[in-house]
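So this one's coords-v8.cif, mmCIF, C-alpha atoms; chains and numbers go by the auth columns:
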data_target
#
loop_
_atom_site.group_PDB
_atom_site.id
_atom_site.type_symbol
_atom_site.label_atom_id
_atom_site.label_comp_id
_atom_site.label_asym_id
_atom_site.label_seq_id
_atom_site.Cartn_x
_atom_site.Cartn_y
_atom_site.Cartn_z
_atom_site.B_iso_or_equiv
_atom_site.auth_seq_id
_atom_site.auth_asym_id
ATOM 1 C CA MET A 1 -82.661 160.928 -136.938 0.00 1 A
ATOM 2 C CA TYR A 2 -79.233 160.719 -135.404 0.00 2 A
ATOM 3 C CA VAL A 3 -76.352 163.185 -135.371 0.00 3 A
ATOM 4 C CA THR A 4 -72.892 162.821 -133.879 0.00 4 A
ATOM 5 C CA VAL A 5 -71.505 165.529 -131.617 0.00 5 A
ATOM 6 C CA GLU A 6 -67.727 165.714 -131.240 0.00 6 A
ATOM 7 C CA PHE A 7 -66.231 167.582 -128.303 0.00 7 A
ATOM 8 C CA THR A 8 -62.991 169.526 -128.242 0.00 8 A
ATOM 9 C CA GLY A 9 -61.021 171.280 -125.513 0.00 9 A
ATOM 10 C CA ALA A 10 -62.828 172.009 -122.259 0.00 10 A
ATOM 11 C CA ALA A 11 -66.047 170.385 -123.467 0.00 11 A
ATOM 12 C CA ARG A 12 -64.271 167.061 -123.968 0.00 12 A
ATOM 13 C CA GLY A 13 -62.901 167.300 -120.442 0.00 13 A
ATOM 14 C CA VAL A 14 -66.370 167.923 -119.006 0.00 14 A
ATOM 15 C CA VAL A 15 -68.131 165.254 -121.051 0.00 15 A
ATOM 16 C CA GLY A 16 -65.344 162.695 -120.727 0.00 16 A
ATOM 17 C CA GLN A 17 -65.857 161.418 -124.274 0.00 17 A
ATOM 18 C CA LYS A 18 -64.692 162.453 -127.721 0.00 18 A
ATOM 19 C CA THR A 19 -68.085 161.894 -129.381 0.00 19 A
ATOM 20 C CA ILE A 20 -71.677 161.082 -128.562 0.00 20 A
ATOM 21 C CA ARG A 21 -74.586 160.079 -130.768 0.00 21 A
ATOM 22 C CA VAL A 22 -77.768 162.091 -130.269 0.00 22 A
ATOM 23 C CA GLU A 23 -81.227 160.923 -131.367 0.00 23 A
ATOM 24 C CA LEU A 24 -83.533 163.729 -132.527 0.00 24 A
ATOM 25 C CA ASP A 25 -87.014 164.195 -133.911 0.00 25 A
ATOM 26 C CA ASP A 26 -87.022 164.801 -137.654 0.00 26 A
ATOM 27 C CA GLN A 27 -88.014 168.454 -137.111 0.00 27 A
ATOM 28 C CA ALA A 28 -85.400 169.143 -134.425 0.00 28 A
ATOM 29 C CA THR A 29 -83.139 172.174 -134.604 0.00 29 A
ATOM 30 C CA TYR A 30 -79.587 172.844 -133.457 0.00 30 A
ATOM 31 C CA ARG A 31 -81.171 174.520 -130.415 0.00 31 A
ATOM 32 C CA GLU A 32 -82.634 171.124 -129.445 0.00 32 A
ATOM 33 C CA ILE A 33 -79.126 169.675 -129.495 0.00 33 A
ATOM 34 C CA VAL A 34 -77.839 172.453 -127.243 0.00 34 A
ATOM 35 C CA ARG A 35 -80.755 171.772 -124.846 0.00 35 A
ATOM 36 C CA HIS A 36 -79.885 168.074 -124.871 0.00 36 A
ATOM 37 C CA LEU A 37 -76.252 168.849 -124.049 0.00 37 A
ATOM 38 C CA ALA A 38 -77.269 171.224 -121.239 0.00 38 A
ATOM 39 C CA ARG A 39 -79.548 168.582 -119.686 0.00 39 A
ATOM 40 C CA SER A 40 -77.072 165.748 -120.119 0.00 40 A
ATOM 41 C CA TYR A 41 -73.934 167.670 -119.100 0.00 41 A
ATOM 42 C CA PRO A 42 -74.908 170.511 -116.714 0.00 42 A
ATOM 43 C CA PRO A 43 -71.252 171.591 -116.184 0.00 43 A
ATOM 44 C CA LEU A 44 -71.313 172.869 -119.805 0.00 44 A
ATOM 45 C CA ILE A 45 -73.726 175.590 -118.652 0.00 45 A
ATOM 46 C CA GLY A 46 -71.703 178.703 -117.939 0.00 46 A
ATOM 47 C CA LEU A 47 -68.682 177.189 -119.694 0.00 47 A
ATOM 48 C CA LEU A 48 -69.943 176.905 -123.292 0.00 48 A
ATOM 49 C CA ILE A 49 -73.726 177.065 -122.946 0.00 49 A
ATOM 50 C CA ASP A 50 -75.592 180.114 -121.683 0.00 50 A
ATOM 51 C CA GLN A 51 -77.550 179.981 -118.430 0.00 51 A
ATOM 52 C CA ASP A 52 -80.762 179.696 -120.494 0.00 52 A
ATOM 53 C CA GLY A 53 -79.672 176.155 -121.404 0.00 53 A
ATOM 54 C CA GLU A 54 -80.442 176.605 -125.090 0.00 54 A
ATOM 55 C CA THR A 55 -77.903 178.995 -126.602 0.00 55 A
ATOM 56 C CA PHE A 56 -74.124 179.111 -126.747 0.00 56 A
ATOM 57 C CA LEU A 57 -72.006 181.650 -124.966 0.00 57 A
ATOM 58 C CA SER A 58 -70.187 183.950 -127.380 0.00 58 A
ATOM 59 C CA GLY A 59 -67.424 182.249 -129.355 0.00 59 A
ATOM 60 C CA ASN A 60 -68.913 178.747 -129.221 0.00 60 A
ATOM 61 C CA MET A 61 -70.549 176.962 -132.155 0.00 61 A
ATOM 62 C CA PHE A 62 -71.160 173.737 -133.997 0.00 62 A
ATOM 63 C CA VAL A 63 -68.985 173.147 -137.058 0.00 63 A
ATOM 64 C CA ILE A 64 -70.980 171.007 -139.465 0.00 64 A
ATOM 65 C CA ASN A 65 -69.258 168.011 -141.052 0.00 65 A
ATOM 66 C CA GLY A 66 -65.812 169.519 -140.520 0.00 66 A
ATOM 67 C CA ASP A 67 -66.471 172.504 -142.790 0.00 67 A
ATOM 68 C CA LEU A 68 -65.347 175.651 -140.975 0.00 68 A
ATOM 69 C CA ALA A 69 -67.076 177.725 -143.652 0.00 69 A
ATOM 70 C CA THR A 70 -70.501 176.506 -142.491 0.00 70 A
ATOM 71 C CA PRO A 71 -70.805 176.752 -138.710 0.00 71 A
ATOM 72 C CA ALA A 72 -74.249 176.448 -137.140 0.00 72 A
ATOM 73 C CA MET A 73 -74.672 180.020 -136.003 0.00 73 A
ATOM 74 C CA VAL A 74 -78.460 180.093 -136.369 0.00 74 A
ATOM 75 C CA LEU A 75 -79.690 177.604 -133.813 0.00 75 A
ATOM 76 C CA ASP A 76 -83.206 177.417 -135.228 0.00 76 A
ATOM 77 C CA GLU A 77 -82.007 175.744 -138.428 0.00 77 A
ATOM 78 C CA GLN A 78 -82.252 171.975 -138.797 0.00 78 A
ATOM 79 C CA PRO A 79 -79.402 169.479 -138.973 0.00 79 A
ATOM 80 C CA HIS A 80 -79.473 166.669 -141.513 0.00 80 A
ATOM 81 C CA PRO A 81 -79.559 162.986 -140.564 0.00 81 A
ATOM 82 C CA GLY A 82 -76.037 161.686 -140.018 0.00 82 A
ATOM 83 C CA ASP A 83 -74.434 165.111 -139.602 0.00 83 A
ATOM 84 C CA HIS A 84 -71.202 165.254 -137.630 0.00 84 A
ATOM 85 C CA LEU A 85 -71.186 168.349 -135.421 0.00 85 A
ATOM 86 C CA ILE A 86 -68.004 169.541 -133.764 0.00 86 A
ATOM 87 C CA LEU A 87 -68.575 171.718 -130.688 0.00 87 A
ATOM 88 C CA MET A 88 -65.847 174.331 -130.971 0.00 88 A
ATOM 89 C CA SER A 89 -64.772 177.307 -128.940 0.00 89 A
ATOM 90 C CA LEU A 90 -63.063 180.155 -130.709 0.00 90 A
ATOM 91 C CA VAL A 91 -60.275 181.448 -128.544 0.00 91 A
ATOM 92 C CA THR A 92 -59.650 185.154 -128.809 0.00 92 A
ATOM 93 C CA GLY A 93 -57.302 187.451 -127.086 0.00 93 A
ATOM 94 C CA GLY A 94 -54.524 189.863 -127.629 0.00 94 A
#

Target format structure tokens, applied to this file:
Amino acid sequence: MYVTVEFTGAARGVVGQKTIRVELDDQATYREIVRHLARSYPPLIGLLIDQDGETFLSGNMFVINGDLATPAMVLDEQPHPGDHLILMSLVTGG
């Protein structure tokens, strides 16, 4: 299966592209996508991806098909073929 990953903010600057297409096994999880991103774009580690290379740092997530109500917070769930994932960072502060 294929999914599209769209990058915003700092991630787009690191990757140098707005979107990429990722090929996955049919049983792949969101964690597999994070691993793929960590391997393909090592500068994302410590910026958006944890040092373990398979989880996000706090405040980072995939938004699935543009629906902010359904972010991929549980990385062991499976995406659907053709999903469009937006890698977003929630900015907080006061």

Go ahead and compute the interatomic distance for atom CA of A:Leu87 and atom CA of A:Asp25, in Å to one decimal.
-> 20.2 Å

How would you write, as a ChimeraX atom specification, the residues chosen by the PyMOL selection byres ((chain A and resi 6) around 8) on this structure?
-> /A:4-5,7-8,18-20,84-87

How would you write, as a PDB file with C-alpha atoms, keeping the file's coordinate frame, the residues chosen by the PyMOL selection byres ((chain A and resi 23) around 8) on this structure?
ATOM      1  CA  MET A   1     -82.661 160.928-136.938  1.00  0.00           C
ATOM      2  CA  TYR A   2     -79.233 160.719-135.404  1.00  0.00           C
ATOM      3  CA  VAL A   3     -76.352 163.185-135.371  1.00  0.00           C
ATOM      4  CA  ARG A  21     -74.586 160.079-130.768  1.00  0.00           C
ATOM      5  CA  VAL A  22     -77.768 162.091-130.269  1.00  0.00           C
ATOM      6  CA  LEU A  24     -83.533 163.729-132.527  1.00  0.00           C
ATOM      7  CA  ASP A  25     -87.014 164.195-133.911  1.00  0.00           C
TER       8      ASP A  25
END

Applied to this file, what does the PyMOL selection byres ((chain A and resi 50-67) around 9) return in terms of residues, put as a PyMOL selection string?
-> chain A and resi 5+30-39+42+44-49+68-73+75+79+83-92

With 5 Å on each side, where is the centre of the axis-aligned box around all listed atoms of stretch 76-85 of chain A, and how long are its edges in Å to one decimal, as AutoDock Vina command-line options?
--center_x -77.2 --center_y 169.6 --center_z -138.4 --size_x 22.0 --size_y 25.7 --size_z 16.3
